[in-house]
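> First, the structure itself, so that you have it in front of you.
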Amino acid sequence: MTDAELARAIAVEAGALLRDLQVSGGLEGAALGARGDRDANTLILDRLRAARPDDFILSEESLDDRARCAASRVWIVDPLDGTREYAEGSDEWAVHIGLAIDGRPALGAVAVPARGQVFATDDLPPVHPPCPAGLRVVVSRSRAPDIARCVGDRLGATLIPMGSAGAKAMAVVEGRADVYLHDGGQYEWDNCAPAAVALAAGLHASRIDGSPLVYNCANPLLPDLLICRREVAAQVLDAIARE
């Protein structure tokens, strides 16, 4: 099984586990979210360790082994991206399985299980043509001002409220939106798999200053992200710089 096939298979299996837990686990709210985080993390670690015993793993739900910093290959995973949305019964949550090779987001898979979707670097649909009605920017469901709303307003874009980071990023990959940007603080597990999928789909993915995304850093904080269509990247980066 290739790395990309492995990422896809694990994302699908973890997503199925999480869906089953929602339906038959007898839990709700915060207890459901905590159980989902824990059980999905256990499954993902077990599968990766069995299939790739020599690789390191950086997971949101596990203690960080800093020995990974000297490794070329590090799996960077978020077992349940959007725990709050998952606990509330929304469909806007995801499973992230990414692989960073020499610090770059090499490949991965993002499952959106409640929608029956999985996006993987080895099998992606073509990017849809631009929307004739203008740019569409995905934003947080919170009404608090943030860079995505400010840039969207500056560009005269339609704002599309959405939940987790994975759901937002895959909306651009799927063609339901044109731009996803975030500057409120993320970690490598929030965006490694989405960035890998976006790049494989031919989209632009970078920091919000246009610099490359670098993974497997000693401090896994990676606070900002831009994923968008390549043809609008310069326009969006210019609007960000003006904020």
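In the structure tokens, each chain is lettered A, B, ... as it comes, each chain's residues begin at 1, and ligands are numbered from 1 in order of appearance.
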Give me the residues near Ala14 (chain A) as a ChimeraX atom specification, where near means some atom within 9 Å (using only C-alpha atoms) and where sequence neighbours in that chain fewer than 5 positions away do not count.

/A:9,19,39-41,43-44,79-80,95,111,113

> Could you write out, as JSON, numbers by chain, all the residues of region 78-241 of chain A that DSSP marks as strand (DSSP E or B)?

{"A": [78, 79, 80, 81, 94, 95, 96, 97, 98, 99, 100, 101, 104, 105, 106, 107, 108, 109, 110, 111, 112, 117, 118, 119, 120, 123, 136, 137, 138, 139, 140, 158, 159, 160, 161, 162, 179, 180, 181, 182, 187, 204, 205, 206, 221, 225, 226, 227, 228]}

> Please report the interatomic distance between CA of Leu124 (chain A) and CA of Ala109 (chain A) in Å with one decimal.

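Computing it gives 10.2 Å between the two atoms.
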
> Find the spatial neighbours of region 202-213 of chain A, counting only C-alpha atoms, within a cut-off of 8 Å - ignore same-chain residues fewer than 3 positions away - and output them as an mmCIF file with all heavy atoms, in the first residue's frame.


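part02.cif, written as the output of this step:
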data_model
loop_
_atom_site.group_PDB
_atom_site.id
_atom_site.type_symbol
_atom_site.label_atom_id
_atom_site.label_comp_id
_atom_site.auth_asym_id
_atom_site.auth_seq_id
_atom_site.Cartn_x
_atom_site.Cartn_y
_atom_site.Cartn_z
ATOM 1 N N ARG A 104 7.939 19.445 4.213
ATOM 2 C CA ARG A 104 6.913 19.876 3.258
ATOM 3 C C ARG A 104 5.674 18.976 3.351
ATOM 4 O O ARG A 104 5.792 17.781 3.630
ATOM 5 C CB ARG A 104 7.464 19.828 1.828
ATOM 6 C CG ARG A 104 8.679 20.709 1.619
ATOM 7 C CD ARG A 104 8.409 22.151 1.989
ATOM 8 N NE ARG A 104 9.575 23.009 1.809
ATOM 9 C CZ ARG A 104 9.658 24.254 2.246
ATOM 10 N NH1 ARG A 104 8.640 24.786 2.892
ATOM 11 N NH2 ARG A 104 10.751 24.969 2.058
ATOM 12 N N PRO A 105 4.502 19.542 3.093
ATOM 13 C CA PRO A 105 3.272 18.730 3.132
ATOM 14 C C PRO A 105 3.191 17.850 1.889
ATOM 15 O O PRO A 105 2.634 18.237 0.864
ATOM 16 C CB PRO A 105 2.161 19.785 3.177
ATOM 17 C CG PRO A 105 2.744 20.976 2.471
ATOM 18 C CD PRO A 105 4.220 20.954 2.796
ATOM 19 N N VAL A 127 -10.318 20.775 -10.450
ATOM 20 C CA VAL A 127 -10.804 22.006 -9.835
ATOM 21 C C VAL A 127 -11.898 22.604 -10.708
ATOM 22 O O VAL A 127 -11.765 22.700 -11.926
ATOM 23 C CB VAL A 127 -9.649 23.018 -9.667
ATOM 24 C CG1 VAL A 127 -10.167 24.343 -9.134
ATOM 25 C CG2 VAL A 127 -8.589 22.451 -8.733
ATOM 26 N N VAL A 173 -11.181 23.019 -2.281
ATOM 27 C CA VAL A 173 -10.789 21.900 -3.140
ATOM 28 C C VAL A 173 -11.976 21.422 -3.976
ATOM 29 O O VAL A 173 -11.844 21.122 -5.172
ATOM 30 C CB VAL A 173 -10.229 20.744 -2.290
ATOM 31 C CG1 VAL A 173 -10.004 19.495 -3.140
ATOM 32 C CG2 VAL A 173 -8.926 21.159 -1.611
ATOM 33 N N LEU A 181 -8.776 31.493 4.357
ATOM 34 C CA LEU A 181 -7.615 32.022 5.042
ATOM 35 C C LEU A 181 -7.909 32.121 6.528
ATOM 36 O O LEU A 181 -9.059 32.291 6.948
ATOM 37 C CB LEU A 181 -7.174 33.380 4.497
ATOM 38 C CG LEU A 181 -8.117 34.563 4.639
ATOM 39 C CD1 LEU A 181 -7.314 35.846 4.745
ATOM 40 C CD2 LEU A 181 -9.017 34.658 3.419
ATOM 41 N N HIS A 182 -6.849 31.976 7.298
ATOM 42 C CA HIS A 182 -6.986 31.923 8.749
ATOM 43 C C HIS A 182 -5.747 32.530 9.386
ATOM 44 O O HIS A 182 -4.631 32.256 8.948
ATOM 45 C CB HIS A 182 -7.127 30.465 9.193
ATOM 46 C CG HIS A 182 -7.259 30.300 10.674
ATOM 47 N ND1 HIS A 182 -8.475 30.305 11.321
ATOM 48 C CD2 HIS A 182 -6.320 30.131 11.640
ATOM 49 C CE1 HIS A 182 -8.286 30.141 12.611
ATOM 50 N NE2 HIS A 182 -6.991 30.039 12.835
ATOM 51 N N ASP A 183 -5.951 33.346 10.420
ATOM 52 C CA ASP A 183 -4.785 33.878 11.133
ATOM 53 C C ASP A 183 -4.981 33.862 12.636
ATOM 54 O O ASP A 183 -4.237 34.497 13.370
ATOM 55 C CB ASP A 183 -4.460 35.299 10.662
ATOM 56 C CG ASP A 183 -5.402 36.347 11.258
ATOM 57 O OD1 ASP A 183 -6.544 35.991 11.637
ATOM 58 O OD2 ASP A 183 -5.013 37.528 11.340
ATOM 59 N N ALA A 195 -3.432 21.188 3.471
ATOM 60 C CA ALA A 195 -2.495 21.844 2.558
ATOM 61 C C ALA A 195 -1.976 20.867 1.512
ATOM 62 O O ALA A 195 -1.866 21.203 0.322
ATOM 63 C CB ALA A 195 -1.329 22.445 3.336
ATOM 64 N N ALA A 198 -4.744 20.307 -0.986
ATOM 65 C CA ALA A 198 -4.938 21.499 -1.816
ATOM 66 C C ALA A 198 -3.842 21.623 -2.869
ATOM 67 O O ALA A 198 -4.118 21.913 -4.044
ATOM 68 C CB ALA A 198 -4.981 22.749 -0.933
ATOM 69 N N LEU A 199 -2.593 21.418 -2.476
ATOM 70 C CA LEU A 199 -1.495 21.508 -3.433
ATOM 71 C C LEU A 199 -1.611 20.443 -4.512
ATOM 72 O O LEU A 199 -1.363 20.703 -5.697
ATOM 73 C CB LEU A 199 -0.163 21.387 -2.699
ATOM 74 C CG LEU A 199 0.223 22.586 -1.817
ATOM 75 C CD1 LEU A 199 1.396 22.229 -0.908
ATOM 76 C CD2 LEU A 199 0.560 23.804 -2.669
ATOM 77 N N ASP A 224 -1.084 30.645 10.780
ATOM 78 C CA ASP A 224 -1.901 31.195 9.700
ATOM 79 C C ASP A 224 -1.757 30.377 8.428
ATOM 80 O O ASP A 224 -0.765 29.676 8.230
ATOM 81 C CB ASP A 224 -1.559 32.664 9.446
ATOM 82 C CG ASP A 224 -0.084 32.874 9.139
ATOM 83 O OD1 ASP A 224 0.338 32.552 8.016
ATOM 84 O OD2 ASP A 224 0.654 33.354 10.025
ATOM 85 N N LEU A 225 -2.757 30.525 7.558
ATOM 86 C CA LEU A 225 -2.850 29.674 6.369
ATOM 87 C C LEU A 225 -3.682 30.368 5.306
ATOM 88 O O LEU A 225 -4.679 31.030 5.616
ATOM 89 C CB LEU A 225 -3.531 28.350 6.761
ATOM 90 C CG LEU A 225 -3.930 27.396 5.633
ATOM 91 C CD1 LEU A 225 -2.691 26.741 5.033
ATOM 92 C CD2 LEU A 225 -4.882 26.317 6.165
ATOM 93 N N LEU A 226 -3.268 30.194 4.049
ATOM 94 C CA LEU A 226 -4.070 30.619 2.907
ATOM 95 C C LEU A 226 -4.157 29.473 1.915
ATOM 96 O O LEU A 226 -3.131 28.954 1.470
ATOM 97 C CB LEU A 226 -3.456 31.843 2.218
ATOM 98 C CG LEU A 226 -4.060 32.215 0.854
ATOM 99 C CD1 LEU A 226 -5.533 32.622 0.999
ATOM 100 C CD2 LEU A 226 -3.251 33.319 0.178
ATOM 101 N N ILE A 227 -5.368 29.077 1.585
ATOM 102 C CA ILE A 227 -5.636 28.128 0.503
ATOM 103 C C ILE A 227 -6.607 28.801 -0.440
ATOM 104 O O ILE A 227 -7.659 29.284 -0.019
ATOM 105 C CB ILE A 227 -6.221 26.807 1.033
ATOM 106 C CG1 ILE A 227 -5.164 26.041 1.828
ATOM 107 C CG2 ILE A 227 -6.756 25.943 -0.108
ATOM 108 C CD1 ILE A 227 -5.684 24.776 2.488
ATOM 109 N N CYS A 228 -6.249 28.862 -1.718
ATOM 110 C CA CYS A 228 -7.127 29.528 -2.673
ATOM 111 C C CYS A 228 -6.784 29.078 -4.091
ATOM 112 O O CYS A 228 -5.780 28.399 -4.326
ATOM 113 C CB CYS A 228 -7.000 31.051 -2.556
ATOM 114 S SG CYS A 228 -5.385 31.714 -3.036
ATOM 115 N N ARG A 229 -7.596 29.484 -5.038
ATOM 116 C CA ARG A 229 -7.289 29.259 -6.452
ATOM 117 C C ARG A 229 -6.009 30.012 -6.821
ATOM 118 O O ARG A 229 -5.781 31.136 -6.368
ATOM 119 C CB ARG A 229 -8.436 29.770 -7.322
ATOM 120 C CG ARG A 229 -9.726 28.988 -7.179
ATOM 121 C CD ARG A 229 -10.810 29.623 -8.045
ATOM 122 N NE ARG A 229 -12.020 28.832 -8.015
ATOM 123 C CZ ARG A 229 -12.241 27.773 -8.799
ATOM 124 N NH1 ARG A 229 -11.329 27.415 -9.672
ATOM 125 N NH2 ARG A 229 -13.364 27.093 -8.707
ATOM 126 N N ARG A 230 -5.197 29.381 -7.644
ATOM 127 C CA ARG A 230 -3.931 30.018 -8.017
ATOM 128 C C ARG A 230 -4.143 31.359 -8.720
ATOM 129 O O ARG A 230 -3.371 32.298 -8.527
ATOM 130 C CB ARG A 230 -3.115 29.078 -8.897
ATOM 131 C CG ARG A 230 -2.516 27.901 -8.152
ATOM 132 C CD ARG A 230 -1.490 27.159 -8.963
ATOM 133 N NE ARG A 230 -0.928 26.050 -8.210
ATOM 134 C CZ ARG A 230 0.065 26.159 -7.346
ATOM 135 N NH1 ARG A 230 0.618 27.353 -7.138
ATOM 136 N NH2 ARG A 230 0.519 25.110 -6.693
ATOM 137 N N ALA A 233 -4.526 34.164 -6.153
ATOM 138 C CA ALA A 233 -3.605 34.218 -5.008
ATOM 139 C C ALA A 233 -2.971 35.599 -4.850
ATOM 140 O O ALA A 233 -2.922 36.142 -3.737
ATOM 141 C CB ALA A 233 -2.529 33.153 -5.151
ATOM 142 N N LEU A 237 -3.422 37.869 -1.564
ATOM 143 C CA LEU A 237 -2.248 38.237 -0.767
ATOM 144 C C LEU A 237 -2.098 39.745 -0.667
ATOM 145 O O LEU A 237 -1.714 40.274 0.383
ATOM 146 C CB LEU A 237 -0.989 37.598 -1.371
ATOM 147 C CG LEU A 237 -0.867 36.090 -1.167
ATOM 148 C CD1 LEU A 237 0.237 35.529 -2.071
ATOM 149 C CD2 LEU A 237 -0.552 35.766 0.291
ATOM 150 N N ILE A 240 -4.611 40.923 1.880
ATOM 151 C CA ILE A 240 -4.155 40.600 3.225
ATOM 152 C C ILE A 240 -3.130 41.622 3.683
ATOM 153 O O ILE A 240 -3.155 42.113 4.824
ATOM 154 C CB ILE A 240 -3.566 39.175 3.257
ATOM 155 C CG1 ILE A 240 -4.655 38.130 3.013
ATOM 156 C CG2 ILE A 240 -2.875 38.916 4.595
ATOM 157 C CD1 ILE A 240 -4.109 36.726 2.800
ATOM 158 N N ALA A 241 -2.185 41.956 2.810
ATOM 159 C CA ALA A 241 -1.120 42.902 3.169
ATOM 160 C C ALA A 241 -1.669 44.282 3.510
ATOM 161 O O ALA A 241 -1.033 45.053 4.241
ATOM 162 C CB ALA A 241 -0.123 43.017 2.019
#

> Would you kindly return, as a short mmCIF file (atom, residue, chain, number, x, y, z; two decimals) with N, CA and C atoms, in the first residue's frame, each protein, DNA or RNA residue with an atom no farther than 10 Å from any atom of Cys69 (chain A), considering only C-alpha atoms and excluding same-chain residues fewer than 5 positions away?


data_model
loop_
_atom_site.label_atom_id
_atom_site.label_comp_id
_atom_site.auth_asym_id
_atom_site.auth_seq_id
_atom_site.Cartn_x
_atom_site.Cartn_y
_atom_site.Cartn_z
N PHE A 56 7.80 8.78 12.34
CA PHE A 56 7.33 9.47 13.53
C PHE A 56 5.91 9.97 13.29
N VAL A 74 7.40 12.45 8.83
CA VAL A 74 6.57 12.58 10.03
C VAL A 74 5.11 12.67 9.62
N ASP A 102 10.65 15.96 4.81
CA ASP A 102 11.63 17.06 4.82
C ASP A 102 10.95 18.41 5.00
N GLY A 103 9.93 18.43 5.85
CA GLY A 103 9.28 19.68 6.23
C GLY A 103 8.17 20.15 5.30
N TYR A 215 6.65 22.22 7.93
CA TYR A 215 6.14 21.33 8.97
C TYR A 215 7.27 20.60 9.69
N ASN A 216 6.89 19.92 10.75
CA ASN A 216 7.81 19.20 11.63
C ASN A 216 8.79 20.15 12.29
N CYS A 217 8.28 21.30 12.73
CA CYS A 217 9.08 22.25 13.49
C CYS A 217 9.05 21.87 14.97
N ALA A 218 10.07 22.31 15.72
CA ALA A 218 10.12 22.00 17.15
C ALA A 218 8.87 22.50 17.85
N ASN A 219 8.45 23.71 17.51
CA ASN A 219 7.17 24.25 18.01
C ASN A 219 6.14 24.04 16.91
#

> I need the residues of region 63-234 of chain A that end up classed as helix (DSSP H, G or I) by DSSP on the backbone, written out as a short mmCIF file (atom, residue, chain, number, x, y, z; two decimals) with N, CA, C and O atoms, in the first residue's frame.


data_model
loop_
_atom_site.label_atom_id
_atom_site.label_comp_id
_atom_site.auth_asym_id
_atom_site.auth_seq_id
_atom_site.Cartn_x
_atom_site.Cartn_y
_atom_site.Cartn_z
N ARG A 66 9.85 14.94 20.64
CA ARG A 66 10.67 15.90 19.90
C ARG A 66 11.77 15.24 19.07
O ARG A 66 12.41 15.90 18.25
N ALA A 67 11.97 13.95 19.25
CA ALA A 67 12.94 13.25 18.40
C ALA A 67 12.51 13.30 16.94
O ALA A 67 13.33 13.13 16.03
N ARG A 68 11.22 13.57 16.70
CA ARG A 68 10.71 13.68 15.32
C ARG A 68 11.43 14.78 14.54
O ARG A 68 11.48 14.73 13.31
N CYS A 69 11.93 15.78 15.25
CA CYS A 69 12.51 16.95 14.57
C CYS A 69 13.70 16.58 13.68
O CYS A 69 14.02 17.29 12.74
N ALA A 70 14.36 15.47 14.00
CA ALA A 70 15.50 15.03 13.20
C ALA A 70 15.09 14.05 12.11
O ALA A 70 15.94 13.60 11.33
N THR A 83 -13.90 19.33 16.86
CA THR A 83 -14.53 18.55 17.93
C THR A 83 -15.87 19.15 18.35
O THR A 83 -16.83 18.43 18.61
N ARG A 84 -15.93 20.47 18.40
CA ARG A 84 -17.19 21.11 18.80
C ARG A 84 -18.29 20.83 17.79
O ARG A 84 -19.42 20.48 18.17
N GLU A 85 -17.97 20.95 16.50
CA GLU A 85 -18.99 20.68 15.48
C GLU A 85 -19.44 19.22 15.55
O GLU A 85 -20.63 18.93 15.42
N TYR A 86 -18.50 18.33 15.76
CA TYR A 86 -18.82 16.90 15.89
C TYR A 86 -19.76 16.67 17.08
O TYR A 86 -20.78 15.98 16.95
N ALA A 87 -19.44 17.27 18.21
CA ALA A 87 -20.24 17.07 19.41
C ALA A 87 -21.64 17.68 19.28
O ALA A 87 -22.60 17.20 19.90
N GLU A 88 -21.74 18.71 18.45
CA GLU A 88 -23.04 19.37 18.25
C GLU A 88 -23.88 18.73 17.15
O GLU A 88 -25.01 19.15 16.90
N PRO A 113 -16.55 12.83 7.08
CA PRO A 113 -17.38 11.62 7.15
C PRO A 113 -18.88 11.86 7.14
O PRO A 113 -19.63 11.06 6.56
N ALA A 114 -19.33 12.93 7.76
CA ALA A 114 -20.77 13.17 7.82
C ALA A 114 -21.35 13.49 6.45
O ALA A 114 -22.57 13.42 6.25
N ARG A 115 -20.49 13.82 5.50
CA ARG A 115 -20.92 14.06 4.12
C ARG A 115 -20.54 12.91 3.20
O ARG A 115 -20.74 12.98 1.98
N ILE A 147 -9.59 38.11 9.95
CA ILE A 147 -8.97 38.50 8.68
C ILE A 147 -9.76 37.99 7.49
O ILE A 147 -9.83 38.64 6.44
N ALA A 148 -10.37 36.81 7.62
CA ALA A 148 -11.13 36.28 6.49
C ALA A 148 -12.31 37.18 6.15
O ALA A 148 -12.56 37.48 4.97
N ARG A 149 -13.02 37.64 7.17
CA ARG A 149 -14.15 38.55 6.92
C ARG A 149 -13.67 39.89 6.38
O ARG A 149 -14.27 40.45 5.45
N CYS A 150 -12.58 40.40 6.95
CA CYS A 150 -12.07 41.71 6.50
C CYS A 150 -11.59 41.65 5.06
O CYS A 150 -11.91 42.54 4.25
N VAL A 151 -10.84 40.61 4.72
CA VAL A 151 -10.35 40.47 3.35
C VAL A 151 -11.50 40.19 2.40
O VAL A 151 -11.56 40.73 1.29
N GLY A 152 -12.44 39.36 2.83
CA GLY A 152 -13.61 39.09 2.00
C GLY A 152 -14.37 40.37 1.68
O GLY A 152 -14.78 40.60 0.53
N ASP A 153 -14.55 41.20 2.70
CA ASP A 153 -15.24 42.48 2.47
C ASP A 153 -14.45 43.38 1.53
O ASP A 153 -15.00 44.04 0.64
N ARG A 154 -13.13 43.42 1.71
CA ARG A 154 -12.28 44.25 0.86
C ARG A 154 -12.37 43.82 -0.61
O ARG A 154 -12.33 44.66 -1.52
N ALA A 165 -11.54 23.63 10.23
CA ALA A 165 -10.53 23.99 9.23
C ALA A 165 -10.56 23.04 8.04
O ALA A 165 -10.46 23.47 6.88
N GLY A 166 -10.69 21.75 8.31
CA GLY A 166 -10.73 20.78 7.22
C GLY A 166 -11.92 20.98 6.31
O GLY A 166 -11.80 20.90 5.07
N ALA A 167 -13.08 21.25 6.89
CA ALA A 167 -14.28 21.49 6.09
C ALA A 167 -14.10 22.73 5.23
O ALA A 167 -14.48 22.75 4.04
N LYS A 168 -13.53 23.78 5.79
CA LYS A 168 -13.30 25.02 5.03
C LYS A 168 -12.34 24.78 3.86
O LYS A 168 -12.60 25.20 2.73
N ALA A 169 -11.22 24.13 4.16
CA ALA A 169 -10.22 23.90 3.11
C ALA A 169 -10.78 23.03 2.00
O ALA A 169 -10.55 23.29 0.80
N MET A 170 -11.54 22.00 2.35
CA MET A 170 -12.07 21.10 1.33
C MET A 170 -13.18 21.77 0.53
O MET A 170 -13.44 21.36 -0.62
N ALA A 171 -13.81 22.79 1.07
CA ALA A 171 -14.79 23.55 0.28
C ALA A 171 -14.11 24.22 -0.91
O ALA A 171 -14.70 24.33 -1.99
N VAL A 172 -12.84 24.65 -0.73
CA VAL A 172 -12.09 25.23 -1.84
C VAL A 172 -11.67 24.13 -2.81
O VAL A 172 -11.78 24.28 -4.03
N VAL A 173 -11.18 23.02 -2.28
CA VAL A 173 -10.79 21.90 -3.14
C VAL A 173 -11.98 21.42 -3.98
O VAL A 173 -11.84 21.12 -5.17
N GLU A 174 -13.14 21.38 -3.35
CA GLU A 174 -14.34 20.88 -4.01
C GLU A 174 -14.93 21.87 -5.00
O GLU A 174 -15.74 21.51 -5.87
N GLU A 188 0.22 22.54 13.38
CA GLU A 188 0.54 21.80 12.16
C GLU A 188 -0.52 20.76 11.83
O GLU A 188 -0.82 20.52 10.66
N TRP A 189 -1.11 20.14 12.84
CA TRP A 189 -2.13 19.12 12.57
C TRP A 189 -3.41 19.70 12.01
O TRP A 189 -4.20 19.01 11.39
N ASP A 190 -3.64 21.01 12.22
CA ASP A 190 -4.84 21.65 11.68
C ASP A 190 -4.77 21.80 10.17
O ASP A 190 -5.81 21.88 9.52
N ASN A 191 -3.56 21.90 9.61
CA ASN A 191 -3.49 22.26 8.20
C ASN A 191 -2.54 21.45 7.33
O ASN A 191 -2.49 21.66 6.12
N CYS A 192 -1.78 20.50 7.90
CA CYS A 192 -0.85 19.74 7.06
C CYS A 192 -1.58 18.92 6.00
O CYS A 192 -1.28 19.04 4.80
N ALA A 193 -2.52 18.10 6.41
CA ALA A 193 -3.26 17.29 5.43
C ALA A 193 -4.07 18.16 4.47
O ALA A 193 -4.03 17.93 3.25
N PRO A 194 -4.82 19.18 4.96
CA PRO A 194 -5.52 20.05 4.02
C PRO A 194 -4.60 20.73 3.02
O PRO A 194 -4.94 20.85 1.84
N ALA A 195 -3.43 21.19 3.47
CA ALA A 195 -2.49 21.84 2.56
C ALA A 195 -1.98 20.87 1.51
O ALA A 195 -1.87 21.20 0.32
N ALA A 196 -1.66 19.64 1.93
CA ALA A 196 -1.18 18.63 0.98
C ALA A 196 -2.23 18.33 -0.08
O ALA A 196 -1.92 18.24 -1.28
N VAL A 197 -3.47 18.19 0.35
CA VAL A 197 -4.56 17.92 -0.59
C VAL A 197 -4.76 19.10 -1.53
O VAL A 197 -4.92 18.93 -2.75
N ALA A 198 -4.74 20.31 -0.99
CA ALA A 198 -4.94 21.50 -1.82
C ALA A 198 -3.84 21.62 -2.87
O ALA A 198 -4.12 21.91 -4.04
N LEU A 199 -2.59 21.42 -2.48
CA LEU A 199 -1.50 21.51 -3.43
C LEU A 199 -1.61 20.44 -4.51
O LEU A 199 -1.36 20.70 -5.70
N ALA A 200 -1.99 19.24 -4.12
CA ALA A 200 -2.17 18.17 -5.11
C ALA A 200 -3.29 18.48 -6.08
O ALA A 200 -3.26 18.03 -7.23
N ARG A 230 -5.20 29.38 -7.64
CA ARG A 230 -3.93 30.02 -8.02
C ARG A 230 -4.14 31.36 -8.72
O ARG A 230 -3.37 32.30 -8.53
N GLU A 231 -5.19 31.44 -9.51
CA GLU A 231 -5.37 32.66 -10.29
C GLU A 231 -5.79 33.87 -9.46
O GLU A 231 -5.73 35.00 -9.94
N VAL A 232 -6.20 33.65 -8.22
CA VAL A 232 -6.58 34.78 -7.36
C VAL A 232 -5.59 34.97 -6.22
O VAL A 232 -5.77 35.88 -5.40
N ALA A 233 -4.53 34.16 -6.15
CA ALA A 233 -3.60 34.22 -5.01
C ALA A 233 -2.97 35.60 -4.85
O ALA A 233 -2.92 36.14 -3.74
N ALA A 234 -2.49 36.18 -5.94
CA ALA A 234 -1.83 37.49 -5.84
C ALA A 234 -2.82 38.55 -5.35
O ALA A 234 -2.47 39.39 -4.51
#

> For Ser164 (chain A), which residue out of A:Arg141, A:Arg35, A:Arg73, A:Arg242 is the nearest one, using only C-alpha atoms?

A:Arg141

> Between CA of Val110 (chain A) and CA of His96 (chain A), what distance in Å does the model show, to one decimal?

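So the answer is 4.8 Å.
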
> What is the CA of Gly185 (chain A) to CA of Ile97 (chain A) distance in Å?

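Distance reported for this atom pair: 19.7 Å.
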
> Please identify all polymer residues within 10 Å of Ile57 (chain A), counting only C-alpha atoms, omitting same-chain residues fewer than 5 positions from it, and present them as a ChimeraX atom specification.

/A:44-45,48-49,52,62-65,68,73-77,98-100,216
